[in-house]
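One structure is given here, and the rest of the page talks about it.
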Amino acid sequence: MKGFLEKNKWGLIIFIAFVAFTIASFILNIQAGKDIYKKNFVLFIREMLFFLPFMFILIGLADVWISKDKVEKNIGEGSNIKGTVFVILLSMLQAGPLYSAFPVAYLLWKKGTSVRNIFIYIGAFSTLKLPLLMFEIGFLGWKFSILRSLITLPIIILIALIMERYLKNKNFEINNV
Amino acid sequence: MEVLIILTFIAIAYSWFVDKEKTKQGLSAGVIMFLNILPTILVVIVLISVILYFLPNETIVHSFGKSAGFFGYLLAAVVGAIALIPGFIAYPLAGTLLSNGVSYPVVAVFISTLLMVGVITLPLEAKYFGLKVALIRNSLYFIGAIIIGLIIGLIM
């Protein structure tokens, strides 16, 4: 508990300041403070709280059930193109904002996924998710959407290769925060 | 969203049925991970809420609507990198941009940095990857997004 407070000192200070400001805004009738809370904060906190706890529970369960050997063999260092295709398909079936990919990346890393596949996962997750693509097609047209996806995929792979190259022999770790 | 919640309960039920001990371990690991990241997430939400108040989405997006050429690309990239707009709001906005005469490549750059680069969520990303790796990843995607726009400009 003490370590927790110590580690998150600044975060807690900012959050408490925000809470104090919000309460003051409602008492003193400051429109800006009320708007920030009602129009923005509530919206984002709701999205986050309905989403993240469930996602972390799934990650926790995946952690105890998925064997490291299997992950290492299929999408670890030295795995082939099939592993990469699997990672891309996995990421496409998900939903959620970019930051929700990071805890999954931690799990992938812990189970022995290669650096390349981890970064391919993050890239594909951020832009090629199917629920998002459906939305994109609806508003921007299928031609644009498919073209953008087809151009984005090689760039994602290229960036993953650059990251792999850069992190080689650097003992890259993803922290369990 | 609902799918995730249902899936989680099915997973818990199934896991419990197979092995209670392992399920307990998994659940507590998940809860601890969530609680550990919660302070950082709260800060990010506070920051987003305050920034969005002073710079509403519509204002941000329309700011690069009129600029053309490479500067237009760059501005779209910067705006997308900083903004944190969920997809279900971003796409209708992008649709409006298109009908207002903004080109497809510029919209592609904006959508790409919006989805792949996260300046506001950088503190969160740095907690997992370390600041240096997070900065490199975001920079590479920033450049990548502009390249995506340039290629789309050549084709469309």
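If you're wondering about the labels, chains in the structure tokens are A, B, ... by order shown, residues count from 1 in each chain, ligands from 1 in order shown.
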
If we count only C-alpha atoms, what is near range 27-31 of chain B at a cut-off of 12 Å, once residues fewer than 6 positions away on the same chain are taken out, given as a PyMOL selection string?
(chain A and resi 52-65+103-104+107+176-177) or (chain B and resi 8-9+11-13+15-16+20-21+37-38)

Take the residues from that selection and write them out as a PDB file, in the first residue's frame, keeping C-alpha atoms.
```pdb
ATOM      1  CA  LEU A  52     -10.929  -2.215 -18.626  1.00  0.00           C
ATOM      2  CA  PRO A  53     -11.846  -4.316 -15.548  1.00  0.00           C
ATOM      3  CA  PHE A  54     -13.273  -7.046 -17.783  1.00  0.00           C
ATOM      4  CA  MET A  55     -10.315  -6.892 -20.082  1.00  0.00           C
ATOM      5  CA  PHE A  56      -7.861  -7.234 -17.201  1.00  0.00           C
ATOM      6  CA  ILE A  57      -9.784 -10.190 -15.814  1.00  0.00           C
ATOM      7  CA  LEU A  58      -9.567 -11.899 -19.202  1.00  0.00           C
ATOM      8  CA  ILE A  59      -5.841 -11.154 -19.298  1.00  0.00           C
ATOM      9  CA  GLY A  60      -5.462 -12.630 -15.794  1.00  0.00           C
ATOM     10  CA  LEU A  61      -7.293 -15.792 -16.812  1.00  0.00           C
ATOM     11  CA  ALA A  62      -5.339 -16.065 -20.052  1.00  0.00           C
ATOM     12  CA  ASP A  63      -2.201 -15.710 -17.962  1.00  0.00           C
ATOM     13  CA  VAL A  64      -2.945 -18.812 -15.862  1.00  0.00           C
ATOM     14  CA  TRP A  65      -4.369 -20.943 -18.685  1.00  0.00           C
ATOM     15  CA  PRO A 103      -1.629  -4.780 -21.104  1.00  0.00           C
ATOM     16  CA  VAL A 104      -2.253  -7.433 -23.754  1.00  0.00           C
ATOM     17  CA  LEU A 107       0.867 -10.731 -21.496  1.00  0.00           C
ATOM     18  CA  ASN A 176       3.667  -5.284 -15.360  1.00  0.00           C
ATOM     19  CA  VAL A 177       2.643  -1.927 -14.002  1.00  0.00           C
TER      20      VAL A 177
ATOM     21  CA  THR B   8     -15.692 -12.412 -19.447  1.00  0.00           C
ATOM     22  CA  PHE B   9     -18.461 -14.093 -17.457  1.00  0.00           C
ATOM     23  CA  ALA B  11     -14.649 -17.360 -19.328  1.00  0.00           C
ATOM     24  CA  ILE B  12     -14.844 -17.068 -15.538  1.00  0.00           C
ATOM     25  CA  ALA B  13     -17.609 -19.698 -15.310  1.00  0.00           C
ATOM     26  CA  SER B  15     -12.448 -21.583 -15.813  1.00  0.00           C
ATOM     27  CA  TRP B  16     -14.108 -22.041 -12.394  1.00  0.00           C
ATOM     28  CA  LYS B  20     -11.091 -23.257  -8.968  1.00  0.00           C
ATOM     29  CA  GLU B  21      -7.564 -22.547  -7.719  1.00  0.00           C
ATOM     30  CA  ILE B  37      -2.793   1.003 -13.686  1.00  0.00           C
ATOM     31  CA  LEU B  38      -5.874   2.812 -12.383  1.00  0.00           C
TER      32      LEU B  38
END
```

Which residues of chain A have any atom within 8 Å of an atom in chain B when counting only C-alpha atoms, and what is the closest pair of atoms for each, with the distance in Å to one decimal? Order the rows by chain and rising number and write it as a Markdown table.
```
| residue | atom | partner | partner_atom | distance |
| --- | --- | --- | --- | --- |
| A:Phe4 | CA | B:Asn36 | CA | 7.7 |
| A:Asn8 | CA | B:Pro39 | CA | 6.6 |
| A:Gly11 | CA | B:Val43 | CA | 5.7 |
| A:Leu12 | CA | B:Pro39 | CA | 6.5 |
| A:Ile14 | CA | B:Val43 | CA | 6.6 |
| A:Phe15 | CA | B:Val43 | CA | 6.0 |
| A:Phe18 | CA | B:Val46 | CA | 7.1 |
| A:Ala32 | CA | B:Tyr53 | CA | 7.8 |
| A:Asp35 | CA | B:Tyr53 | CA | 7.5 |
| A:Ile36 | CA | B:Ser49 | CA | 5.8 |
| A:Tyr37 | CA | B:Ser49 | CA | 7.3 |
| A:Asn40 | CA | B:Ser49 | CA | 4.9 |
| A:Phe41 | CA | B:Ser49 | CA | 5.2 |
| A:Phe44 | CA | B:Ile45 | CA | 6.5 |
| A:Ile45 | CA | B:Ile45 | CA | 6.9 |
| A:Phe50 | CA | B:Met1 | CA | 7.4 |
| A:Phe51 | CA | B:Met1 | CA | 6.6 |
| A:Leu52 | CA | B:Phe34 | CA | 7.4 |
| A:Pro53 | CA | B:Phe34 | CA | 6.3 |
| A:Phe54 | CA | B:Thr8 | CA | 6.1 |
| A:Met55 | CA | B:Leu4 | CA | 7.5 |
| A:Phe56 | CA | B:Gly30 | CA | 4.7 |
| A:Ile57 | CA | B:Gly30 | CA | 4.4 |
| A:Leu58 | CA | B:Thr8 | CA | 6.2 |
| A:Ile59 | CA | B:Gly30 | CA | 6.3 |
| A:Gly60 | CA | B:Gly30 | CA | 4.2 |
| A:Leu61 | CA | B:Gly26 | CA | 4.4 |
| A:Ala62 | CA | B:Gly26 | CA | 7.5 |
| A:Asp63 | CA | B:Gly26 | CA | 6.7 |
| A:Val64 | CA | B:Gly26 | CA | 5.7 |
| A:Trp65 | CA | B:Lys22 | CA | 7.9 |
| A:Pro97 | CA | B:Pro86 | CA | 7.2 |
| A:Leu98 | CA | B:Leu115 | CA | 6.9 |
| A:Tyr99 | CA | B:Thr121 | CA | 6.9 |
| A:Phe102 | CA | B:Tyr128 | CA | 6.8 |
| A:Pro103 | CA | B:Tyr128 | CA | 7.6 |
| A:Tyr106 | CA | B:Tyr128 | CA | 7.3 |
| A:Gly123 | CA | B:Met116 | CA | 6.9 |
| A:Ser126 | CA | B:Leu115 | CA | 5.6 |
| A:Thr127 | CA | B:Leu115 | CA | 5.9 |
| A:Leu132 | CA | B:Gly87 | CA | 6.7 |
| A:Phe135 | CA | B:Phe88 | CA | 7.1 |
| A:Glu136 | CA | B:Tyr91 | CA | 6.1 |
| A:Phe139 | CA | B:Gly95 | CA | 5.6 |
| A:Leu140 | CA | B:Gly95 | CA | 5.8 |
| A:Phe144 | CA | B:Tyr104 | CA | 7.7 |
| A:Leu147 | CA | B:Ile152 | CA | 7.5 |
| A:Arg148 | CA | B:Ala108 | CA | 7.1 |
| A:Ile151 | CA | B:Ile148 | CA | 6.3 |
| A:Thr152 | CA | B:Ile148 | CA | 6.4 |
| A:Ile155 | CA | B:Gly144 | CA | 6.4 |
| A:Ile159 | CA | B:Leu140 | CA | 6.7 |
| A:Met163 | CA | B:Arg137 | CA | 7.6 |
| A:Glu173 | CA | B:Phe129 | CA | 6.9 |
| A:Ile174 | CA | B:Phe129 | CA | 5.1 |
| A:Asn175 | CA | B:Tyr128 | CA | 4.7 |
| A:Asn176 | CA | B:Tyr128 | CA | 6.6 |
| A:Val177 | CA | B:Asn36 | CA | 6.0 |
```

Rounded to one decimal place, report the CA of Asn117 in chain A-CA of Gly76 in chain A distance in Å.
7.7 Å

Could you please write out, as a PyMOL selection string, every residue of chain B that DSSP assigns to alpha helix (DSSP H)?
chain B and resi 2-18+20-54+57-63+69-82+87-99+104-116+122-129+131-155

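Coordinates place CA of Lys111 in chain A at a distance of 4.7 Å from CA of Lys68 in chain A.
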
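Comparing the minimum interatomic distances between Ile162 in chain A and each of A:Val115, A:Val42, A:Val71, A:Ile66, counting only C-alpha atoms, we find that A:Val115 sits nearest.
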
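Shortest atom-to-atom contact with Leu97 in chain B among B:Gly80, B:Phe70, B:Glu58, B:Pro123: B:Glu58, counting only C-alpha atoms.
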
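Residue nearest Ala81 in chain B within the list B:Val106, B:Ile10, B:Ile60, B:Val119: B:Val119 [criterion: smallest interatomic distance, only C-alpha atoms].
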